[in-house]
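Asks: What follows is the file query_7.cif, containing mmCIF, C-alpha atoms:
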data_input
#
loop_
_atom_site.group_PDB
_atom_site.id
_atom_site.type_symbol
_atom_site.label_atom_id
_atom_site.label_comp_id
_atom_site.auth_asym_id
_atom_site.auth_seq_id
_atom_site.Cartn_x
_atom_site.Cartn_y
_atom_site.Cartn_z
ATOM 1 C CA MET G 1271 -32.434 -71.915 -81.198
ATOM 2 C CA THR G 1272 -30.241 -70.338 -78.515
ATOM 3 C CA ASP G 1273 -27.312 -68.290 -79.804
ATOM 4 C CA SER G 1274 -24.005 -70.031 -79.051
ATOM 5 C CA ASN G 1275 -22.704 -66.848 -77.443
ATOM 6 C CA SER G 1276 -25.570 -66.870 -74.912
ATOM 7 C CA ALA G 1277 -25.501 -70.610 -74.199
ATOM 8 C CA ILE G 1278 -24.582 -71.914 -70.755
ATOM 9 C CA ARG G 1279 -20.916 -72.879 -70.936
ATOM 10 C CA VAL G 1280 -20.312 -76.229 -69.233
ATOM 11 C CA LEU G 1281 -16.985 -77.827 -68.372
ATOM 12 C CA ILE G 1282 -17.015 -81.571 -67.617
ATOM 13 C CA PHE G 1283 -14.634 -83.215 -65.177
ATOM 14 C CA ASP G 1284 -14.507 -87.010 -64.888
ATOM 15 C CA LYS G 1285 -11.541 -89.378 -64.874
ATOM 16 C CA HIS G 1286 -13.419 -91.831 -67.104
ATOM 17 C CA ALA G 1287 -13.285 -91.002 -70.817
ATOM 18 C CA VAL G 1288 -16.464 -92.951 -71.578
ATOM 19 C CA ALA G 1289 -18.394 -90.974 -68.971
ATOM 20 C CA ARG G 1290 -17.114 -87.678 -70.413
ATOM 21 C CA PHE G 1291 -18.085 -88.757 -73.919
ATOM 22 C CA GLY G 1292 -21.638 -89.597 -72.858
ATOM 23 C CA LEU G 1293 -22.064 -86.347 -70.950
ATOM 24 C CA CYS G 1294 -20.785 -84.326 -73.903
ATOM 25 C CA ARG G 1295 -23.360 -85.913 -76.210
ATOM 26 C CA LEU G 1296 -26.163 -85.393 -73.699
ATOM 27 C CA LEU G 1297 -25.378 -81.789 -72.841
ATOM 28 C CA ASN G 1298 -24.763 -80.731 -76.429
ATOM 29 C CA SER G 1299 -28.199 -82.114 -77.344
ATOM 30 C CA ASP G 1300 -29.627 -79.140 -75.442
ATOM 31 C CA PRO G 1301 -29.306 -75.998 -77.605
ATOM 32 C CA ALA G 1302 -29.120 -73.832 -74.476
ATOM 33 C CA LEU G 1303 -26.008 -75.667 -73.248
ATOM 34 C CA LYS G 1304 -22.525 -75.760 -74.733
ATOM 35 C CA VAL G 1305 -19.742 -78.085 -73.561
ATOM 36 C CA VAL G 1306 -16.594 -75.967 -73.716
ATOM 37 C CA GLY G 1307 -14.157 -78.584 -72.479
ATOM 38 C CA GLU G 1308 -13.601 -81.863 -70.673
ATOM 39 C CA ALA G 1309 -10.889 -82.805 -68.211
ATOM 40 C CA GLY G 1310 -9.742 -86.128 -66.826
ATOM 41 C CA ASP G 1311 -7.344 -84.925 -64.119
ATOM 42 C CA MET G 1312 -6.853 -81.905 -61.877
ATOM 43 C CA GLU G 1313 -3.992 -80.433 -63.877
ATOM 44 C CA GLU G 1314 -6.041 -80.489 -67.065
ATOM 45 C CA LEU G 1315 -9.051 -79.128 -65.196
ATOM 46 C CA GLU G 1316 -7.090 -76.133 -63.898
ATOM 47 C CA ARG G 1317 -5.726 -75.391 -67.365
ATOM 48 C CA LEU G 1318 -9.161 -75.542 -68.986
ATOM 49 C CA CYS G 1319 -10.789 -73.431 -66.279
ATOM 50 C CA ASN G 1320 -8.327 -70.660 -67.033
ATOM 51 C CA GLU G 1321 -8.866 -70.995 -70.786
ATOM 52 C CA VAL G 1322 -12.608 -71.515 -71.294
ATOM 53 C CA HIS G 1323 -14.152 -69.685 -68.283
ATOM 54 C CA PRO G 1324 -17.175 -71.996 -67.777
ATOM 55 C CA HIS G 1325 -20.476 -70.962 -66.262
ATOM 56 C CA VAL G 1326 -20.923 -74.451 -64.785
ATOM 57 C CA LEU G 1327 -18.503 -77.199 -63.817
ATOM 58 C CA LEU G 1328 -20.123 -80.643 -63.817
ATOM 59 C CA GLY G 1329 -17.601 -82.861 -62.100
ATOM 60 C CA ASP G 1330 -16.995 -86.172 -60.365
ATOM 61 C CA PRO G 1331 -14.246 -85.601 -57.770
ATOM 62 C CA GLY G 1332 -13.957 -89.301 -56.924
ATOM 63 C CA ASP G 1333 -14.464 -90.944 -53.557
ATOM 64 C CA GLU G 1334 -12.150 -88.845 -51.399
ATOM 65 C CA VAL G 1335 -12.779 -85.507 -49.697
ATOM 66 C CA ASP G 1336 -9.329 -84.325 -50.820
ATOM 67 C CA GLY G 1337 -10.404 -84.731 -54.445
ATOM 68 C CA LEU G 1338 -13.449 -82.579 -53.816
ATOM 69 C CA LYS G 1339 -11.388 -79.926 -52.035
ATOM 70 C CA SER G 1340 -8.916 -79.803 -54.941
ATOM 71 C CA LEU G 1341 -11.750 -79.422 -57.434
ATOM 72 C CA LEU G 1342 -13.360 -76.621 -55.421
ATOM 73 C CA ALA G 1343 -10.029 -74.846 -54.923
ATOM 74 C CA ILE G 1344 -9.542 -74.676 -58.676
ATOM 75 C CA CYS G 1345 -13.063 -73.393 -59.265
ATOM 76 C CA ALA G 1346 -12.758 -70.808 -56.476
ATOM 77 C CA LYS G 1347 -10.346 -68.890 -58.691
ATOM 78 C CA LEU G 1348 -13.101 -68.381 -61.275
ATOM 79 C CA SER G 1349 -15.772 -65.739 -61.109
ATOM 80 C CA ASP G 1350 -19.412 -66.802 -61.518
ATOM 81 C CA CYS G 1351 -18.709 -70.511 -61.965
ATOM 82 C CA ARG G 1352 -21.237 -72.814 -60.326
ATOM 83 C CA VAL G 1353 -20.103 -76.297 -59.315
ATOM 84 C CA ILE G 1354 -22.288 -79.389 -59.573
ATOM 85 C CA VAL G 1355 -20.876 -82.556 -58.043
ATOM 86 C CA TYR G 1356 -21.971 -85.473 -60.224
ATOM 87 C CA THR G 1357 -21.129 -88.785 -58.599
ATOM 88 C CA THR G 1358 -22.207 -92.367 -58.006
ATOM 89 C CA ARG G 1359 -21.876 -92.075 -54.227
ATOM 90 C CA ALA G 1360 -24.610 -90.938 -51.856
ATOM 91 C CA ASP G 1361 -23.125 -92.807 -48.888
ATOM 92 C CA ARG G 1362 -20.360 -90.339 -48.021
ATOM 93 C CA PRO G 1363 -22.001 -87.847 -45.626
ATOM 94 C CA GLN G 1364 -18.711 -86.156 -44.730
ATOM 95 C CA MET G 1365 -18.033 -85.487 -48.396
ATOM 96 C CA ILE G 1366 -21.565 -84.211 -48.966
ATOM 97 C CA MET G 1367 -21.322 -81.846 -45.992
ATOM 98 C CA THR G 1368 -17.911 -80.591 -47.145
ATOM 99 C CA ALA G 1369 -19.388 -79.864 -50.562
ATOM 100 C CA LEU G 1370 -22.326 -77.954 -49.057
ATOM 101 C CA ASP G 1371 -20.068 -76.025 -46.687
ATOM 102 C CA GLN G 1372 -17.852 -75.014 -49.603
ATOM 103 C CA GLY G 1373 -20.814 -73.670 -51.547
ATOM 104 C CA VAL G 1374 -21.449 -76.177 -54.321
ATOM 105 C CA SER G 1375 -24.592 -75.448 -56.320
ATOM 106 C CA GLY G 1376 -25.586 -79.060 -56.775
ATOM 107 C CA TYR G 1377 -24.903 -82.608 -55.606
ATOM 108 C CA LEU G 1378 -26.397 -85.084 -58.059
ATOM 109 C CA LEU G 1379 -26.167 -88.816 -58.627
ATOM 110 C CA LYS G 1380 -25.275 -90.504 -61.896
ATOM 111 C CA GLU G 1381 -28.136 -92.940 -61.440
ATOM 112 C CA GLY G 1382 -30.596 -90.056 -61.877
ATOM 113 C CA ASP G 1383 -32.756 -89.257 -64.889
ATOM 114 C CA LEU G 1384 -30.826 -87.657 -67.754
ATOM 115 C CA ASP G 1385 -33.558 -85.170 -68.618
ATOM 116 C CA GLU G 1386 -33.599 -84.160 -64.964
ATOM 117 C CA LEU G 1387 -29.847 -83.508 -65.142
ATOM 118 C CA LEU G 1388 -30.364 -81.065 -68.000
ATOM 119 C CA HIS G 1389 -33.149 -79.365 -66.054
ATOM 120 C CA ASP G 1390 -30.975 -79.141 -62.935
ATOM 121 C CA ILE G 1391 -28.136 -77.456 -64.823
ATOM 122 C CA HIS G 1392 -30.564 -74.789 -65.981
ATOM 123 C CA ILE G 1393 -31.996 -74.093 -62.539
ATOM 124 C CA VAL G 1394 -28.534 -73.974 -60.981
ATOM 125 C CA CYS G 1395 -27.737 -71.174 -63.411
ATOM 126 C CA GLU G 1396 -30.881 -69.397 -62.212
ATOM 127 C CA GLY G 1397 -29.497 -69.399 -58.688
ATOM 128 C CA THR G 1398 -31.189 -72.415 -57.101
ATOM 129 C CA ALA G 1399 -29.169 -75.176 -55.475
ATOM 130 C CA VAL G 1400 -30.108 -78.764 -56.354
ATOM 131 C CA LEU G 1401 -29.663 -81.986 -54.415
ATOM 132 C CA ALA G 1402 -30.482 -85.521 -55.469
ATOM 133 C CA PRO G 1403 -33.310 -86.855 -53.257
ATOM 134 C CA ALA G 1404 -31.079 -89.556 -51.762
ATOM 135 C CA VAL G 1405 -28.482 -86.896 -50.957
ATOM 136 C CA ALA G 1406 -31.078 -84.703 -49.247
ATOM 137 C CA ASP G 1407 -32.146 -87.673 -47.103
ATOM 138 C CA LYS G 1408 -28.519 -88.373 -46.215
ATOM 139 C CA VAL G 1409 -27.936 -84.756 -45.185
ATOM 140 C CA MET G 1410 -30.939 -84.747 -42.843
ATOM 141 C CA GLU G 1411 -29.922 -88.080 -41.310
ATOM 142 C CA TYR G 1412 -26.313 -86.977 -40.835
ATOM 143 C CA LEU G 1413 -27.215 -83.666 -39.205
ATOM 144 C CA ARG G 1414 -29.599 -85.361 -36.796
ATOM 145 C CA GLN G 1415 -26.914 -87.900 -35.854
ATOM 146 C CA GLN G 1416 -24.409 -85.097 -35.284
ATOM 147 C CA ASP G 1417 -26.910 -83.366 -32.963
ATOM 148 C CA HIS G 1418 -27.253 -80.318 -35.169
ATOM 149 C CA SER G 1419 -30.512 -78.439 -34.931
ATOM 150 C CA ALA G 1420 -33.416 -79.036 -37.289
ATOM 151 C CA GLU G 1421 -33.203 -75.369 -38.203
ATOM 152 C CA ARG G 1422 -29.609 -75.808 -39.338
ATOM 153 C CA ALA G 1423 -30.607 -78.812 -41.423
ATOM 154 C CA ALA G 1424 -33.405 -76.802 -43.011
ATOM 155 C CA GLY G 1425 -31.034 -73.991 -43.848
ATOM 156 C CA ARG G 1426 -28.630 -76.406 -45.503
ATOM 157 C CA LEU G 1427 -31.332 -77.923 -47.685
ATOM 158 C CA LEU G 1428 -33.690 -75.103 -48.590
ATOM 159 C CA SER G 1429 -33.191 -71.520 -49.671
ATOM 160 C CA GLU G 1430 -34.828 -68.707 -47.702
ATOM 161 C CA ARG G 1431 -37.522 -68.334 -50.365
ATOM 162 C CA GLU G 1432 -38.165 -72.096 -50.388
ATOM 163 C CA LEU G 1433 -38.623 -71.997 -46.621
ATOM 164 C CA GLU G 1434 -41.183 -69.222 -47.065
ATOM 165 C CA VAL G 1435 -43.075 -71.220 -49.704
ATOM 166 C CA LEU G 1436 -42.925 -74.329 -47.525
ATOM 167 C CA GLY G 1437 -44.561 -72.341 -44.758
ATOM 168 C CA TYR G 1438 -47.510 -71.476 -46.967
ATOM 169 C CA LEU G 1439 -47.766 -75.095 -48.124
ATOM 170 C CA VAL G 1440 -48.278 -76.152 -44.517
ATOM 171 C CA GLN G 1441 -51.194 -73.733 -44.312
ATOM 172 C CA GLY G 1442 -52.711 -75.393 -47.396
ATOM 173 C CA ASN G 1443 -52.352 -72.376 -49.706
ATOM 174 C CA SER G 1444 -52.584 -72.817 -53.480
ATOM 175 C CA ASN G 1445 -49.802 -71.659 -55.788
ATOM 176 C CA LEU G 1446 -51.882 -68.633 -56.736
ATOM 177 C CA ALA G 1447 -52.493 -67.692 -53.103
ATOM 178 C CA ILE G 1448 -48.803 -68.080 -52.295
ATOM 179 C CA ALA G 1449 -47.894 -65.941 -55.304
ATOM 180 C CA LYS G 1450 -50.192 -63.154 -54.123
ATOM 181 C CA SER G 1451 -48.825 -63.269 -50.584
ATOM 182 C CA LEU G 1452 -45.190 -63.171 -51.728
ATOM 183 C CA CYS G 1453 -45.801 -60.766 -54.647
ATOM 184 C CA ILE G 1454 -44.337 -63.167 -57.190
ATOM 185 C CA CYS G 1455 -45.874 -64.952 -60.184
ATOM 186 C CA ALA G 1456 -47.548 -68.357 -59.887
ATOM 187 C CA ALA G 1457 -44.981 -69.884 -62.248
ATOM 188 C CA THR G 1458 -42.214 -68.900 -59.840
ATOM 189 C CA VAL G 1459 -44.111 -70.513 -56.962
ATOM 190 C CA LYS G 1460 -44.492 -73.686 -59.020
ATOM 191 C CA PHE G 1461 -40.731 -73.653 -59.622
ATOM 192 C CA HIS G 1462 -40.030 -73.361 -55.882
ATOM 193 C CA VAL G 1463 -42.546 -76.096 -55.012
ATOM 194 C CA HIS G 1464 -40.874 -78.436 -57.504
ATOM 195 C CA SER G 1465 -37.489 -77.701 -55.906
ATOM 196 C CA ILE G 1466 -38.860 -78.299 -52.397
ATOM 197 C CA LEU G 1467 -40.356 -81.659 -53.402
ATOM 198 C CA LYS G 1468 -37.094 -82.749 -54.938
ATOM 199 C CA LYS G 1469 -34.926 -81.676 -52.017
ATOM 200 C CA LEU G 1470 -37.200 -83.352 -49.472
ATOM 201 C CA ASN G 1471 -37.543 -86.452 -51.667
ATOM 202 C CA ALA G 1472 -41.315 -86.049 -51.646
ATOM 203 C CA GLY G 1473 -43.764 -87.070 -54.338
ATOM 204 C CA THR G 1474 -46.538 -84.661 -53.344
ATOM 205 C CA ARG G 1475 -47.022 -81.377 -51.504
ATOM 206 C CA THR G 1476 -48.650 -83.271 -48.626
ATOM 207 C CA GLU G 1477 -45.684 -85.615 -48.314
ATOM 208 C CA ALA G 1478 -43.282 -82.656 -48.364
ATOM 209 C CA VAL G 1479 -45.178 -80.992 -45.517
ATOM 210 C CA SER G 1480 -45.248 -84.269 -43.560
ATOM 211 C CA LYS G 1481 -41.501 -84.771 -43.956
ATOM 212 C CA ALA G 1482 -40.772 -81.162 -42.973
ATOM 213 C CA VAL G 1483 -42.853 -81.504 -39.805
ATOM 214 C CA GLN G 1484 -41.345 -84.894 -38.911
ATOM 215 C CA ALA G 1485 -37.823 -83.532 -39.414
ATOM 216 C CA GLY G 1486 -38.575 -80.659 -37.070
ATOM 217 C CA PHE G 1487 -38.189 -78.011 -39.775
ATOM 218 C CA ILE G 1488 -41.562 -76.552 -38.828
ATOM 219 C CA ASN G 1489 -43.276 -75.809 -35.554
ATOM 220 C CA MET G 1490 -46.821 -76.896 -36.430
ATOM 221 C CA GLY G 1491 -48.486 -75.029 -33.570
ATOM 222 C CA LEU G 1492 -46.737 -71.807 -34.493
ATOM 223 C CA ALA G 1493 -47.696 -72.348 -38.127
ATOM 224 C CA VAL G 1494 -51.385 -72.488 -37.277
ATOM 225 C CA ALA G 1495 -51.256 -69.523 -34.917
ATOM 226 C CA GLN G 1496 -49.373 -67.056 -37.089
ATOM 227 C CA VAL G 1497 -49.683 -65.604 -40.556
ATOM 228 C CA GLY G 1498 -47.072 -64.265 -42.955
ATOM 229 C CA PRO G 1499 -43.946 -65.366 -44.789
ATOM 230 C CA PHE G 1500 -41.843 -65.598 -41.652
ATOM 231 C CA TRP G 1501 -44.227 -67.623 -39.483
ATOM 232 C CA CYS G 1502 -41.947 -70.677 -39.598
ATOM 233 C CA GLU G 1503 -39.708 -71.110 -36.590
ATOM 234 C CA ILE G 1504 -36.709 -71.726 -38.825
ATOM 235 C CA SER G 1505 -33.301 -70.091 -38.957
ATOM 236 C CA CYS G 1506 -31.517 -69.916 -42.321
ATOM 237 C CA LEU G 1507 -27.743 -70.044 -42.517
#
Please express the file's structure as structure tokens.
Replies:
Amino acid sequence: MTDSNSAIRVLIFDKHAVARFGLCRLLNSDPALKVVGEAGDMEELERLCNEVHPHVLLGDPGDEVDGLKSLLAICAKLSDCRVIVYTTRADRPQMIMTALDQGVSGYLLKEGDLDELLHDIHIVCEGTAVLAPAVADKVMEYLRQQDHSAERAAGRLLSERELEVLGYLVQGNSNLAIAKSLCICAATVKFHVHSILKKLNAGTRTEAVSKAVQAGFINMGLAVAQVGPFWCEISCL
């Protein structure tokens, strides 16, 4: 069992008491997580942030961008606190883009699988951003409508390492082959592949590659012609 002193400290923010109660029970069922507080309004959230120093804030800022900005402003005063937006709404592209621009570590939907939520909290603490599949689709659609480049969309969705792994997936490399090329272990490659599939809302590696090509993330001709981790014609933000 994980020592309570080494557990991931999570602060919950949601205006609904029933939602906070359910999240507390769920998160505390994981011995590696520890709920250190719950807040129902911004004033209480700010007070608790200063008192409990969470590693992760799991919060629902409501339906307005101002609520999100207030939440992020409070968390910005903390060191090493990762913010996961946990909401029912995937139909607010402006809010999603504001969250990404402000550096949130995750944007997840309450309709998602509960075990997946626990998993996502862990990987956020390992430094990987997480997006619900429907949110990832909304980001790509919004950026295309706003006439942003495919490269910019790719940089918003995938980390630099994930873009490298995606490049090798297009070439048909196995996890072991990718691991050797990038000088990392196969388990790490598997972790990145899982993240790529989730962010692109893909069920298989083939579908992920297809979506990346269709979205313009990858120049297929360049992929075939060149070799190496930076063969993709993609710019990361």
Asks: Grab the atom CA of G:Tyr1438 to atom CA of G:His1462 distance for me, in Å with one decimal place.
Replies: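 Going from atom CA of G:Tyr1438 over to atom CA of G:His1462 covers 11.8 Å.
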Asks: Can you spell out as an NGL selection string the set of residues that the PyMOL selection byres ((chain G and resi 1329) around 10) selects in the structure I just provided?
Replies: :G and (1281-1285 or 1290 or 1308-1310 or 1315 or 1326-1328 or 1330-1332 or 1338 or 1341 or 1353-1357 or 1377-1378)
Asks: Counting all atoms listed in the file, figure out which residue out of G:Leu1318, G:Ala1404, G:Val1440, G:Lys1450 gets nearest to G:Ser1480.
Replies: G:Val1440
Asks: Please provide as a PDB file with C-alpha atoms, in the coordinates of the input all residues within 12 Å of G:Ile1393, with the sequence filter that same-chain residues fewer than 4 positions apart are discarded (counting only C-alpha atoms).
Replies:
ATOM      1  CA  ILE G1278     -24.582 -71.914 -70.755  1.00  0.00           C
ATOM      2  CA  VAL G1326     -20.923 -74.451 -64.785  1.00  0.00           C
ATOM      3  CA  ARG G1352     -21.237 -72.814 -60.326  1.00  0.00           C
ATOM      4  CA  ILE G1354     -22.288 -79.389 -59.573  1.00  0.00           C
ATOM      5  CA  SER G1375     -24.592 -75.448 -56.320  1.00  0.00           C
ATOM      6  CA  GLY G1376     -25.586 -79.060 -56.775  1.00  0.00           C
ATOM      7  CA  GLU G1386     -33.599 -84.160 -64.964  1.00  0.00           C
ATOM      8  CA  LEU G1387     -29.847 -83.508 -65.142  1.00  0.00           C
ATOM      9  CA  LEU G1388     -30.364 -81.065 -68.000  1.00  0.00           C
ATOM     10  CA  HIS G1389     -33.149 -79.365 -66.054  1.00  0.00           C
ATOM     11  CA  GLY G1397     -29.497 -69.399 -58.688  1.00  0.00           C
ATOM     12  CA  THR G1398     -31.189 -72.415 -57.101  1.00  0.00           C
ATOM     13  CA  ALA G1399     -29.169 -75.176 -55.475  1.00  0.00           C
ATOM     14  CA  VAL G1400     -30.108 -78.764 -56.354  1.00  0.00           C
ATOM     15  CA  LEU G1401     -29.663 -81.986 -54.415  1.00  0.00           C
ATOM     16  CA  THR G1458     -42.214 -68.900 -59.840  1.00  0.00           C
ATOM     17  CA  PHE G1461     -40.731 -73.653 -59.622  1.00  0.00           C
ATOM     18  CA  HIS G1462     -40.030 -73.361 -55.882  1.00  0.00           C
ATOM     19  CA  HIS G1464     -40.874 -78.436 -57.504  1.00  0.00           C
ATOM     20  CA  SER G1465     -37.489 -77.701 -55.906  1.00  0.00           C
TER      21      SER G1465
END
Asks: Using atom CA of G:Met1367 and atom CA of G:Thr1474 as the two end points, give the distance in Å to one decimal.
Replies: 26.4 Å
Asks: Taking the block above, write stretch 1321-1400 of chain G with C-alpha atoms as a compact mmCIF listing (two decimals), in the first residue's frame.
Replies:
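Output (decode_30.txt):
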# COMPACT_ATOMS: atom_id res chain seq x y z
CA GLU G 1321 -3.77 25.30 3.21
CA VAL G 1322 -3.43 21.84 1.66
CA HIS G 1323 -1.03 22.43 -1.28
CA PRO G 1324 -2.50 19.83 -3.69
CA HIS G 1325 -0.59 18.04 -6.41
CA VAL G 1326 -3.73 17.92 -8.57
CA LEU G 1327 -6.87 20.02 -8.73
CA LEU G 1328 -9.82 18.14 -10.22
CA GLY G 1329 -12.41 20.80 -10.85
CA ASP G 1330 -15.60 21.72 -12.67
CA PRO G 1331 -15.47 25.47 -13.37
CA GLY G 1332 -19.04 25.59 -14.67
CA ASP G 1333 -20.22 26.70 -18.09
CA GLU G 1334 -18.54 30.10 -18.33
CA VAL G 1335 -15.01 31.00 -19.41
CA ASP G 1336 -14.79 33.46 -16.51
CA GLY G 1337 -15.24 30.58 -14.07
CA LEU G 1338 -12.39 28.71 -15.70
CA LYS G 1339 -10.15 31.78 -15.63
CA SER G 1340 -10.87 32.32 -11.92
CA LEU G 1341 -10.06 28.69 -11.17
CA LEU G 1342 -6.79 28.85 -13.11
CA ALA G 1343 -5.81 32.17 -11.51
CA ILE G 1344 -6.10 30.61 -8.07
CA CYS G 1345 -4.07 27.56 -9.08
CA ALA G 1346 -1.40 29.70 -10.76
CA LYS G 1347 -0.31 30.83 -7.30
CA LEU G 1348 0.61 27.24 -6.40
CA SER G 1349 3.81 25.51 -7.35
CA ASP G 1350 3.61 22.10 -9.04
CA CYS G 1351 -0.19 21.87 -9.05
CA ARG G 1352 -1.67 20.28 -12.16
CA VAL G 1353 -5.22 21.22 -13.14
CA ILE G 1354 -7.72 18.78 -14.63
CA VAL G 1355 -10.98 20.28 -15.85
CA TYR G 1356 -13.74 17.76 -15.14
CA THR G 1357 -16.99 18.81 -16.75
CA THR G 1358 -20.15 17.67 -18.50
CA ARG G 1359 -19.61 20.00 -21.46
CA ALA G 1360 -17.66 19.16 -24.60
CA ASP G 1361 -19.55 21.68 -26.73
CA ARG G 1362 -17.74 24.83 -25.59
CA PRO G 1363 -14.73 25.12 -27.93
CA GLN G 1364 -13.80 28.60 -26.70
CA MET G 1365 -13.63 27.32 -23.14
CA ILE G 1366 -11.61 24.28 -24.17
CA MET G 1367 -9.12 26.43 -26.08
CA THR G 1368 -8.81 28.85 -23.15
CA ALA G 1369 -8.06 25.91 -20.87
CA LEU G 1370 -5.39 24.56 -23.22
CA ASP G 1371 -3.84 28.00 -23.70
CA GLN G 1372 -3.65 28.46 -19.94
CA GLY G 1373 -1.82 25.16 -19.51
CA VAL G 1374 -4.34 22.77 -17.99
CA SER G 1375 -3.07 19.21 -17.74
CA GLY G 1376 -6.37 17.58 -18.57
CA TYR G 1377 -9.86 18.22 -19.92
CA LEU G 1378 -12.12 15.28 -19.10
CA LEU G 1379 -15.83 14.59 -19.25
CA LYS G 1380 -17.97 13.34 -16.39
CA GLU G 1381 -19.61 10.82 -18.69
CA GLY G 1382 -16.27 8.99 -18.98
CA ASP G 1383 -15.26 5.71 -17.36
CA LEU G 1384 -14.42 6.04 -13.66
CA ASP G 1385 -11.44 3.69 -13.81
CA GLU G 1386 -10.13 5.76 -16.70
CA LEU G 1387 -10.41 8.89 -14.55
CA LEU G 1388 -8.17 7.32 -11.91
CA HIS G 1389 -5.70 6.30 -14.60
CA ASP G 1390 -5.72 9.80 -16.10
CA ILE G 1391 -4.93 11.42 -12.75
CA HIS G 1392 -1.87 9.20 -12.46
CA ILE G 1393 -0.56 9.94 -15.93
CA VAL G 1394 -1.12 13.67 -15.49
CA CYS G 1395 1.18 13.48 -12.49
CA GLU G 1396 3.75 11.78 -14.71
CA GLY G 1397 3.73 14.80 -16.99
CA THR G 1398 1.36 13.77 -19.78
CA ALA G 1399 -1.65 15.89 -20.69
CA VAL G 1400 -4.97 14.08 -21.13
